[in-house]
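Chemist: Sharing a structure below in structure tokens format, with a few things to ask.
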Amino acid sequence: MNNETNSNQNGALILSIFSAFALTMLAGYVYIYQVAPFEEKLNNAALNILTALAALLAAGSASAVFLHYHPEDFPRKIWMYVAFACAWWFLAETVWGVIAFYRGEVASPGIADAGWVIGFLFFTFAFYYQYIAIYPEKKNQIISVALGAWALAIFAPLASLLATNSFTAEAYINYYYPIADLTVGIAGIALMFVFYGGALARPWVGLVILGISDSFYAWAEQSGLYAWSANNSNLLTVAIDSTYLAAYLMMSVGFLVQWILIHYGVSAKR
Amino acid sequence: MARVYSTCKKSELSNYRRGAIIARVTAIFSLVLPNEVKMPMTSIQALMDSYQERRRTGVIRFSYAMDKQLFFIFKKGAALSSYLVMPERWEFQTSEQSMAWALAAGDAYAQSAALSPFGVLMTKISIEARGEEALTVERADLQEYLRRVESEMQPTLLRLNWKNAAAAVFFAPNASPRVQLFAQDVLVSGADSLKVLLDWDESSCVAQAFTPDLTVSAWQEYFLRSAFADIFMSLLKRFEILTGRALIDSMARMLSTFSAYKKLNITATARSLEDDEFFASPQECAQQYNALLSEIFTRFSAVIGPRLHEITVREIVSRLSPLERQAAQDFHLLPEGYVNE
């Protein structure tokens, strides 16, 4: 019983330190956005660095979970794809930040978009294996739903833009993201529903919020409401970008909780 | 007089297995072996005391005139229960009642065996249950007879009595037979015991089969034990797919820790469950397993969520054998709030 208590304490300590760090990052992000303490370029760079760092934390904690599993463990596959997806999103955030630093604005579609799309692809595999673990007898339905979701995300914006004679690559990618985000969000919410009340629901919370936040970003960017600089930001932009950063941080906290769970074992209180 | 196995046709044998009427109640150690000597009353008390002092688990049988026998079941030195067995019937007695009866009855043939907990359960079944008609099995036919009983794919206890030895073999589907052979004051059990039994150098034995009967307490206990093991191992298997090996190890450790806390001899690893327990009654058995399942369910539920957990438990319970499910339902094996219907 003593070992269990020590394990619980160690797990709680790691989680507390990590959460405090994440909250500090979020507070710093909002502060820079609101106060803009540096010159414009530096403010924007600092914000983008924080976002990339949050994505890195998510990729790092997902990788820790992946590496903790035994090679024969089924969930290892799930977490391998989650880690890949997060790593690609981290790359995308970094590339996006670098381009934004040098050019002020980032053209869409651009090289960073490739990272996000590949990330979505890996999340699809992660969701697929997670659902297979829950409903092994429904493999065919799960494959159908996954393919259907991708078909929707690819062809719905295409059909819509072609029908209205307004197709451009930029418009297409801006319509693609909300649908892809929505799909990921729904898949995540469904998992939260399945695991409702259990520790396995936690890793998916951040992903759902990220999907919602990214949808708002795509909408704000498309409608011209998105402010590209911290120095002339509006409340909507601060809310969208802060939620986006918070979602990455929540993802990384959720993944860390998963790591603590498998590293320190099960506790009734956890 | 027992019928001879080799003269029974296959169909006839099946009929015997289904509707046999037993001539007399017999138990694994009911046979008085030729080397037994009558034990004076003072030695009877000393034998009982030595079981207590050495904290032994097993059975002591006293045999008297008129085919009366007294069985004491010991668990870690404590007399857990006792049976007064007479031709045609048996009585469950408190240990004090039996001790008083034994002291009043005087000298007796005594036989004692330190048994594994499952060995004790086998003994309890053979005392409490009505066996099927006894058959005489020639040595040459013994292997085939055992194979035949095993192939029936239902839990079956087989009692075999030679002139100089007695054995019990328990067959359960998808498990190796458990054997206890008692001969010339030596108990043989473990991996090689089946071979020793098959090679036993006597021309024939009398075999009696005990098939499941949920009106018998010992069978009820067996099916509760078996249902508990099936539920726990199925949960682990399902849990492993969702959470991986590390958490399974943690769950197994948790069960071992909790059962030690409850002073139960039940340990688990990710791949096996060692249940070295037996109980005074099926009610106590269900109560203890219920407490363990309650703890396990709380932890599983905390990880995979109550909704998925309940669906999983329901699915596992639906896959139990009908007799396991019946026992689980009758004795409320599952914690409150879970399917017991």
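Each chain in the structure tokens gets a letter, A, B, ..., in the order shown, and its residues are numbered from 1; ligands are numbered from 1 in order too.
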Excluding Asp214 in chain A and any residue of its chain fewer than 3 positions from it, enumerate the residues within 7 Å of it, using only C-alpha atoms, and give them as a ChimeraX atom specification.

Modeler: /A:181,210-211,217-218,244

Chemist: When the cut-off is 10 Å and we count only C-alpha atoms, which residues of chain B are near chain A, given as a PyMOL selection string?

Modeler: chain B and resi 238-251+253-254+257-258+261+295-309+312

Chemist: Output C-alpha atoms for every residue in the selection just made, as an mmCIF file, in the first residue's frame.

Modeler:
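Everything below was put into selection.cif:
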```cif
data_model
loop_
_atom_site.group_PDB
_atom_site.id
_atom_site.type_symbol
_atom_site.label_atom_id
_atom_site.label_comp_id
_atom_site.auth_asym_id
_atom_site.auth_seq_id
_atom_site.Cartn_x
_atom_site.Cartn_y
_atom_site.Cartn_z
ATOM 1 C CA ARG B 238 -10.208 -7.026 -22.515
ATOM 2 C CA PHE B 239 -8.388 -4.441 -20.440
ATOM 3 C CA GLU B 240 -5.048 -5.342 -21.966
ATOM 4 C CA ILE B 241 -6.304 -4.475 -25.441
ATOM 5 C CA LEU B 242 -7.483 -1.089 -24.199
ATOM 6 C CA THR B 243 -4.655 -0.154 -21.896
ATOM 7 C CA GLY B 244 -1.634 -2.382 -22.473
ATOM 8 C CA ARG B 245 0.432 -4.751 -20.379
ATOM 9 C CA ALA B 246 1.719 -2.355 -17.737
ATOM 10 C CA LEU B 247 -1.757 -1.615 -16.456
ATOM 11 C CA ILE B 248 -2.648 -5.294 -16.528
ATOM 12 C CA ASP B 249 0.327 -6.051 -14.296
ATOM 13 C CA SER B 250 -0.788 -3.249 -12.030
ATOM 14 C CA MET B 251 -4.344 -4.656 -11.905
ATOM 15 C CA ARG B 253 -0.830 -6.769 -8.384
ATOM 16 C CA MET B 254 -3.762 -4.845 -7.028
ATOM 17 C CA THR B 257 -2.558 -6.955 -2.572
ATOM 18 C CA PHE B 258 -6.257 -6.600 -1.884
ATOM 19 C CA TYR B 261 -5.383 -7.526 2.879
ATOM 20 C CA GLU B 295 -12.563 -3.523 -5.792
ATOM 21 C CA ILE B 296 -11.479 -4.641 -9.259
ATOM 22 C CA PHE B 297 -14.546 -3.123 -10.917
ATOM 23 C CA THR B 298 -13.992 0.214 -9.150
ATOM 24 C CA ARG B 299 -10.464 0.411 -10.560
ATOM 25 C CA PHE B 300 -11.341 -0.808 -14.032
ATOM 26 C CA SER B 301 -14.206 1.621 -14.145
ATOM 27 C CA ALA B 302 -11.926 4.486 -13.099
ATOM 28 C CA VAL B 303 -9.753 3.790 -16.138
ATOM 29 C CA ILE B 304 -12.096 2.865 -18.963
ATOM 30 C CA GLY B 305 -15.188 4.665 -17.674
ATOM 31 C CA PRO B 306 -18.305 3.196 -16.046
ATOM 32 C CA ARG B 307 -20.257 2.979 -19.295
ATOM 33 C CA LEU B 308 -17.713 0.889 -21.218
ATOM 34 C CA HIS B 309 -16.945 -1.078 -18.077
ATOM 35 C CA THR B 312 -17.743 -5.173 -20.895
#
```

Chemist: Excluding Leu103 in chain B and residues on its chain fewer than 4 positions from it, collect all residues at most 10 Å away from it, counting only C-alpha atoms, and give them as a ChimeraX atom specification.

Modeler: /B:40-42,44-45,98-99,107-108

Chemist: Write out, as a PDB file, in the first residue's frame, the residues just selected, with N, CA and C atoms.

Modeler:
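So again11.pdb came out as:
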```pdb
ATOM      1  N   PRO B  40      -6.527 -45.008  19.141  1.00  0.00           N
ATOM      2  CA  PRO B  40      -7.242 -44.758  20.401  1.00  0.00           C
ATOM      3  C   PRO B  40      -7.700 -43.295  20.504  1.00  0.00           C
ATOM      4  N   MET B  41      -8.642 -43.067  21.379  1.00  0.00           N
ATOM      5  CA  MET B  41      -9.263 -41.745  21.504  1.00  0.00           C
ATOM      6  C   MET B  41      -8.240 -40.634  21.794  1.00  0.00           C
ATOM      7  N   THR B  42      -7.244 -40.977  22.618  1.00  0.00           N
ATOM      8  CA  THR B  42      -6.227 -39.969  22.982  1.00  0.00           C
ATOM      9  C   THR B  42      -5.423 -39.539  21.746  1.00  0.00           C
ATOM     10  N   ILE B  44      -6.561 -39.582  18.718  1.00  0.00           N
ATOM     11  CA  ILE B  44      -7.464 -38.797  17.857  1.00  0.00           C
ATOM     12  C   ILE B  44      -7.328 -37.313  18.203  1.00  0.00           C
ATOM     13  N   GLN B  45      -7.369 -37.056  19.502  1.00  0.00           N
ATOM     14  CA  GLN B  45      -7.234 -35.671  19.955  1.00  0.00           C
ATOM     15  C   GLN B  45      -5.859 -35.106  19.567  1.00  0.00           C
ATOM     16  N   SER B  98     -18.894 -32.329  16.140  1.00  0.00           N
ATOM     17  CA  SER B  98     -18.190 -33.502  15.617  1.00  0.00           C
ATOM     18  C   SER B  98     -17.130 -33.994  16.593  1.00  0.00           C
ATOM     19  N   MET B  99     -16.468 -33.036  17.227  1.00  0.00           N
ATOM     20  CA  MET B  99     -15.419 -33.423  18.184  1.00  0.00           C
ATOM     21  C   MET B  99     -16.046 -34.179  19.351  1.00  0.00           C
ATOM     22  N   ASP B 107     -12.501 -45.387  19.796  1.00  0.00           N
ATOM     23  CA  ASP B 107     -11.427 -45.650  18.831  1.00  0.00           C
ATOM     24  C   ASP B 107     -11.943 -45.638  17.389  1.00  0.00           C
ATOM     25  N   ALA B 108     -11.064 -45.241  16.491  1.00  0.00           N
ATOM     26  CA  ALA B 108     -11.489 -45.165  15.085  1.00  0.00           C
ATOM     27  C   ALA B 108     -10.303 -45.379  14.161  1.00  0.00           C
TER      28      ALA B 108
END
```

Chemist: If I take CA of Phe72 in chain B and CA of Gly58 in chain B, how far is one from the other in Å, to one decimal?

Modeler: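 Those two atoms sit 8.4 Å apart.
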
Chemist: For range 237-239 of chain A, please output as a list in words all residues within 7 Å (counting only C-alpha atoms; exclusion window: fewer than 3 positions along the same chain).

Modeler: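 Residues meeting the cut-off are Tyr33, Tyr226, Ala227, Ser233, Asn234, Ser242 and Thr243 of chain A.
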
Chemist: Select from range 16-179 of chain B everything DSSP, run on the backbone, classes as strand (DSSP E), then give the selection as a PyMOL selection string.

Modeler: chain B and resi 38-39+58-63+69-75+78-86+89-93+108-114+135-138+156-161+165-171+178-179

Chemist: I need the alpha helix (DSSP H) residues of range 25-223 of chain B per DSSP on the backbone, written as a PyMOL selection string.

Modeler: chain B and resi 41-53+95-105+117-128+142-151+193-198+217-223

Chemist: Could you pull the residues within 10 Å of Leu197 in chain B, counting only C-alpha atoms, minus those fewer than 3 positions along the same chain, as a PyMOL selection string?

Modeler: chain B and resi 142-143+160+165-169+179-182+188-189+192-194+200-201

Chemist: Could you check the closest approach to Pro203 in chain A for each of A:Phe255, A:Trp79, A:Tyr31, A:Trp150 and tell me which residue wins, using only C-alpha atoms?

Modeler: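 Of A:Phe255, A:Trp79, A:Tyr31, A:Trp150, the one nearest Pro203 in chain A, counting only C-alpha atoms, is A:Phe255.
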
Chemist: Which residues are near range 92-96 of chain A? Cut-off 7 Å, only C-alpha atoms, ignore same chain within fewer than 4 positions. Put them as a PyMOL selection string.

Modeler: chain A and resi 52+88+100+106+112-113+115-116

Chemist: So what do you get for CA of Ala172 in chain B versus CA of Thr211 in chain B, distance-wise?

Modeler: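 Computing the Euclidean distance for CA of Ala172 in chain B and CA of Thr211 in chain B yields 10.7 Å.
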
Chemist: For the atom pair CA of Phe331 in chain B and CA of Gln208 in chain B, what is the interatomic distance in Å to one decimal place?

Modeler: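 One can read the CA of Phe331 in chain B to CA of Gln208 in chain B distance as 28.7 Å.
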
Chemist: Determine, counting only C-alpha atoms, which protein, DNA and RNA residues have an atom within 7 Å of an atom of Phe223 in chain B; residues of the same chain fewer than 4 positions away are not included. Present the result as an mmCIF file with N, CA and C atoms, in the first residue's frame.

Modeler:
```
data_model
loop_
_atom_site.group_PDB
_atom_site.id
_atom_site.type_symbol
_atom_site.label_atom_id
_atom_site.label_comp_id
_atom_site.auth_asym_id
_atom_site.auth_seq_id
_atom_site.Cartn_x
_atom_site.Cartn_y
_atom_site.Cartn_z
ATOM 1 N N TRP B 219 -20.476 -27.923 -5.039
ATOM 2 C CA TRP B 219 -20.527 -27.580 -6.473
ATOM 3 C C TRP B 219 -20.828 -26.086 -6.653
ATOM 4 N N ALA B 227 -16.552 -18.986 -11.888
ATOM 5 C CA ALA B 227 -17.112 -17.759 -12.477
ATOM 6 C C ALA B 227 -16.227 -16.558 -12.134
ATOM 7 N N LEU B 323 -23.971 -22.867 -15.867
ATOM 8 C CA LEU B 323 -23.891 -23.183 -14.434
ATOM 9 C C LEU B 323 -23.157 -22.090 -13.660
ATOM 10 N N GLU B 324 -22.116 -21.522 -14.276
ATOM 11 C CA GLU B 324 -21.413 -20.403 -13.626
ATOM 12 C C GLU B 324 -22.359 -19.215 -13.484
ATOM 13 N N ALA B 327 -24.917 -19.859 -10.752
ATOM 14 C CA ALA B 327 -24.335 -19.705 -9.406
ATOM 15 C C ALA B 327 -24.104 -18.230 -9.096
#
```

Chemist: Using only C-alpha atoms, pick whichever of B:Phe278, B:Ala104, B:Trp162, B:Glu91 has the shortest atom-to-atom distance to Glu138 in chain B.

Modeler: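 Of all the options, B:Trp162 lies closest to Glu138 in chain B.
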
Chemist: Pick from B:Ala291, B:Leu187, B:Val59, B:Ala218: nearest to Lys124 in chain B, with only C-alpha atoms counted?

Modeler: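 Closest residue, counting only C-alpha atoms: B:Ala218.
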